[in-house]
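To keep things clear, I will list the structure first and then write my remarks on it.
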Amino acid sequence: MQIYLPIAEVSVNAFLLLGLGGLVGILSGMFGVGGGFLLTPLLFMIGIPPAVAVATGTNQIVASSISGVLAHFRRRTVDLRMGTVLLIGGLIGAALGVQIFSVLRDLGQVDLLVSLCYVLFLAVIGALMFVESLNAIRRARSTGPAARTVRRQRKWIHVLPFKMKFRASGLYISVIPPLVVGLLVGVLAAIMGVGGGFIMVPAMIYLLGMPTKVVIGTSLFQIIFVTAFTTLLHAMTNYTVDMVLAVLLLVGGVIGAQFGTRIGTRLKAEQLRILLATMVLVMCGKLALDLLLEPSELYSIGVDG
Amino acid sequence: MIRALLLFLAIAVPGRAEEIVADLSQDRVSISTNFDGSEILIFGAIRRDAPRSFDSKMSIVITVEGPREDVTVRRKNRVLGIWVNADSVEMENVPSFYAVASSRPLAEALSAEEDLRWRITTRRALTAPERMRLARWEPQFLNALVRVNTAAGAYTTSEDGVDLREGTLFSTSIALPASLTEGNYTTRIYLTRDGRVTDSHATALYVQKVGLERFLYVLAHEQPLIYGCLSLLIAIAAGWGASAIFRYTRL
């Protein structure tokens, strides 16, 4: 069944979109990721204009993060204070990102920017995850005592001014690092159509030294507001949020996520991570090839809005 | 004297002896939720005051032109190993859709001078100086515009696409792609004899989004804040609802 998307102005198969939403839902349920970094490139591949894919992707993440953050609120594993600081950075970053996006769209370079960002981040994250899960499997096989990772206390972080107490995280640090982290994530959200959890979570653990139990909840808290804000900005500056596309993806995603969570509990964590890493690397490879190989048609037409 | 003058007029203006009468299967194309391209049937007849003459080759040429828009044609170049949009030419008033169909090969149906005068074939229609403007004259980019649009189904040329029966009744169907631009489309029908246009006829065709598609498109462009909030509301409701239902079914 073909369905015409009013904003993307293309006609796509409704079941394909439902399936895609479902697939990403399953993956996000299995791995506990937002799935934005998988969904957005998949949307490019089925012919949705990148600008629409990115803007609609951020809307999607709002939905998939809401249920997560509610669970964390119930367990009181959200550091609201830290979340708010990250959020302020995130909002500034998102505003910046949407402006960059808008300018590059006029210059005809937005596809390049989005692809480059994806190739870069997917490669780094895929490789890191792959190596780490391989190591984990090797450790599990050698049955030796697991090497404990010692949290490195970065000296320079404690030298910065504007210190603030974050009780839920048990931290007393400067607000500058969380602001910067939030800002970067905000830019990424606007440009790549992702929540940015994959950047923020490691940054919170290794850079800010937050306890792991509050990391996920706090990042979800920030992601919801930043992606919601980004969606609004995209809707207002680029007019690229496609509601029909969003609804179809949501329906698939919501159902998929439930199956994903059930599948996820049956598989081993290391296997899951290797699987996800492989998928991320494949996606990255595909996008990289598109940039590196000579396209069959060198010319493209853009309608001036 | 008067009789002689009337006779003279009848002979001197043979062009009016044949006149096109035509219609479209629909004068409105609606882009609704399940729109996946469409086809319009253009049909008609040639009305004659005198018996059909066989001393010259007659043919029918039909064009459908979409609303004009400003586009930027970009060319990719290899920069530092990757392919990026490097060069571009802006073009104003480029038809978003252009279809030509004729009852015999265009080279026979239309002389080059008549084509230049009436701007019928795709290339001629594009380069009409009073219509289209290029920021720079770059034939490569113009070729690319035609090539890319042809590949996308936006520009079509169908020689032999018009079915002409008994030299009187004609019909053709023009395929409209799913990526249709909204606006007024013009259908022009030319009757030619030995490559010369002897009569022409134009009708309009309206393409517009309808129903939900129209509502969402207009809302997104005219009330972007409300539209954005609505999108978010749907997302929040879906996320919230899903987690609520999920918890309920698990218990």
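All residue names refer to the structure tokens as shown: chains lettered A, B, ... in order, residues numbered from 1 in each chain, ligands numbered from 1 in order.
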
Write out as a list in words each polymer residue whose atoms come within 12 Å of Gly170 of chain A, counting only C-alpha atoms; drop sequence neighbours fewer than 2 positions from it.
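Selected residues are Asp79, Arg81, Met82, Met164, Lys165, Phe166, Arg167, Ala168, Tyr172, Ile173, Leu208, Gly209, Met210, Pro211, Thr212, Lys213 and Val214 of chain A.
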
Near chain A, meaning an atom within 6 Å, which residues of chain B appear when counting only C-alpha atoms? Write them as a VMD selection string.
chain B and resid 33 to 36 70 to 76 82 to 83 179 213 217 224 228 235 to 236 239 to 240 243

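When atom CA of Leu272 of chain A is paired with atom CA of Gly196 of chain A, their separation reads 20.0 Å.
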
Can you pull out the residues contacting Phe170 of chain B? Cut-off 12 Å, using only C-alpha atoms, and skip same-chain residues under 6 positions away; I want them as a PDB file with C-alpha atoms, in the first residue's frame.
ATOM      1  CA  ILE B  20      -9.102  21.095 -32.533  1.00  0.00           C
ATOM      2  CA  VAL B  21     -11.836  20.154 -30.079  1.00  0.00           C
ATOM      3  CA  ALA B  22     -10.382  18.495 -27.002  1.00  0.00           C
ATOM      4  CA  ASP B  23     -10.928  17.620 -23.393  1.00  0.00           C
ATOM      5  CA  LEU B  24      -9.178  15.929 -20.486  1.00  0.00           C
ATOM      6  CA  LEU B  41      -6.216  10.991 -20.713  1.00  0.00           C
ATOM      7  CA  ILE B  42      -6.250  13.760 -23.295  1.00  0.00           C
ATOM      8  CA  PHE B  43      -8.632  13.200 -26.152  1.00  0.00           C
ATOM      9  CA  GLY B  44     -10.376  15.111 -28.863  1.00  0.00           C
ATOM     10  CA  ALA B  45     -11.245  15.431 -32.495  1.00  0.00           C
ATOM     11  CA  ILE B  46     -10.482  17.641 -35.431  1.00  0.00           C
ATOM     12  CA  ARG B  47     -13.488  19.586 -36.647  1.00  0.00           C
ATOM     13  CA  MET B  58      -1.109  15.852 -40.603  1.00  0.00           C
ATOM     14  CA  SER B  59      -0.049  15.186 -37.037  1.00  0.00           C
ATOM     15  CA  ILE B  60      -1.018  16.010 -33.478  1.00  0.00           C
ATOM     16  CA  VAL B  61       1.501  17.125 -30.877  1.00  0.00           C
ATOM     17  CA  ILE B  62       0.440  17.383 -27.238  1.00  0.00           C
ATOM     18  CA  ALA B 101       3.586  13.294 -27.060  1.00  0.00           C
ATOM     19  CA  SER B 102       3.073  13.230 -30.812  1.00  0.00           C
ATOM     20  CA  SER B 103       1.319  11.085 -33.366  1.00  0.00           C
ATOM     21  CA  ASP B 160       4.170   8.068 -31.413  1.00  0.00           C
ATOM     22  CA  GLY B 161       2.403   8.482 -28.074  1.00  0.00           C
ATOM     23  CA  VAL B 162      -0.670  10.080 -29.602  1.00  0.00           C
ATOM     24  CA  ASP B 163      -3.149   7.720 -31.155  1.00  0.00           C
ATOM     25  CA  LEU B 164      -4.701   9.361 -34.229  1.00  0.00           C
ATOM     26  CA  ILE B 189      -2.526  20.524 -28.345  1.00  0.00           C
ATOM     27  CA  TYR B 190      -1.040  21.443 -31.718  1.00  0.00           C
ATOM     28  CA  LEU B 191      -2.320  20.369 -35.092  1.00  0.00           C
TER      29      LEU B 191
END
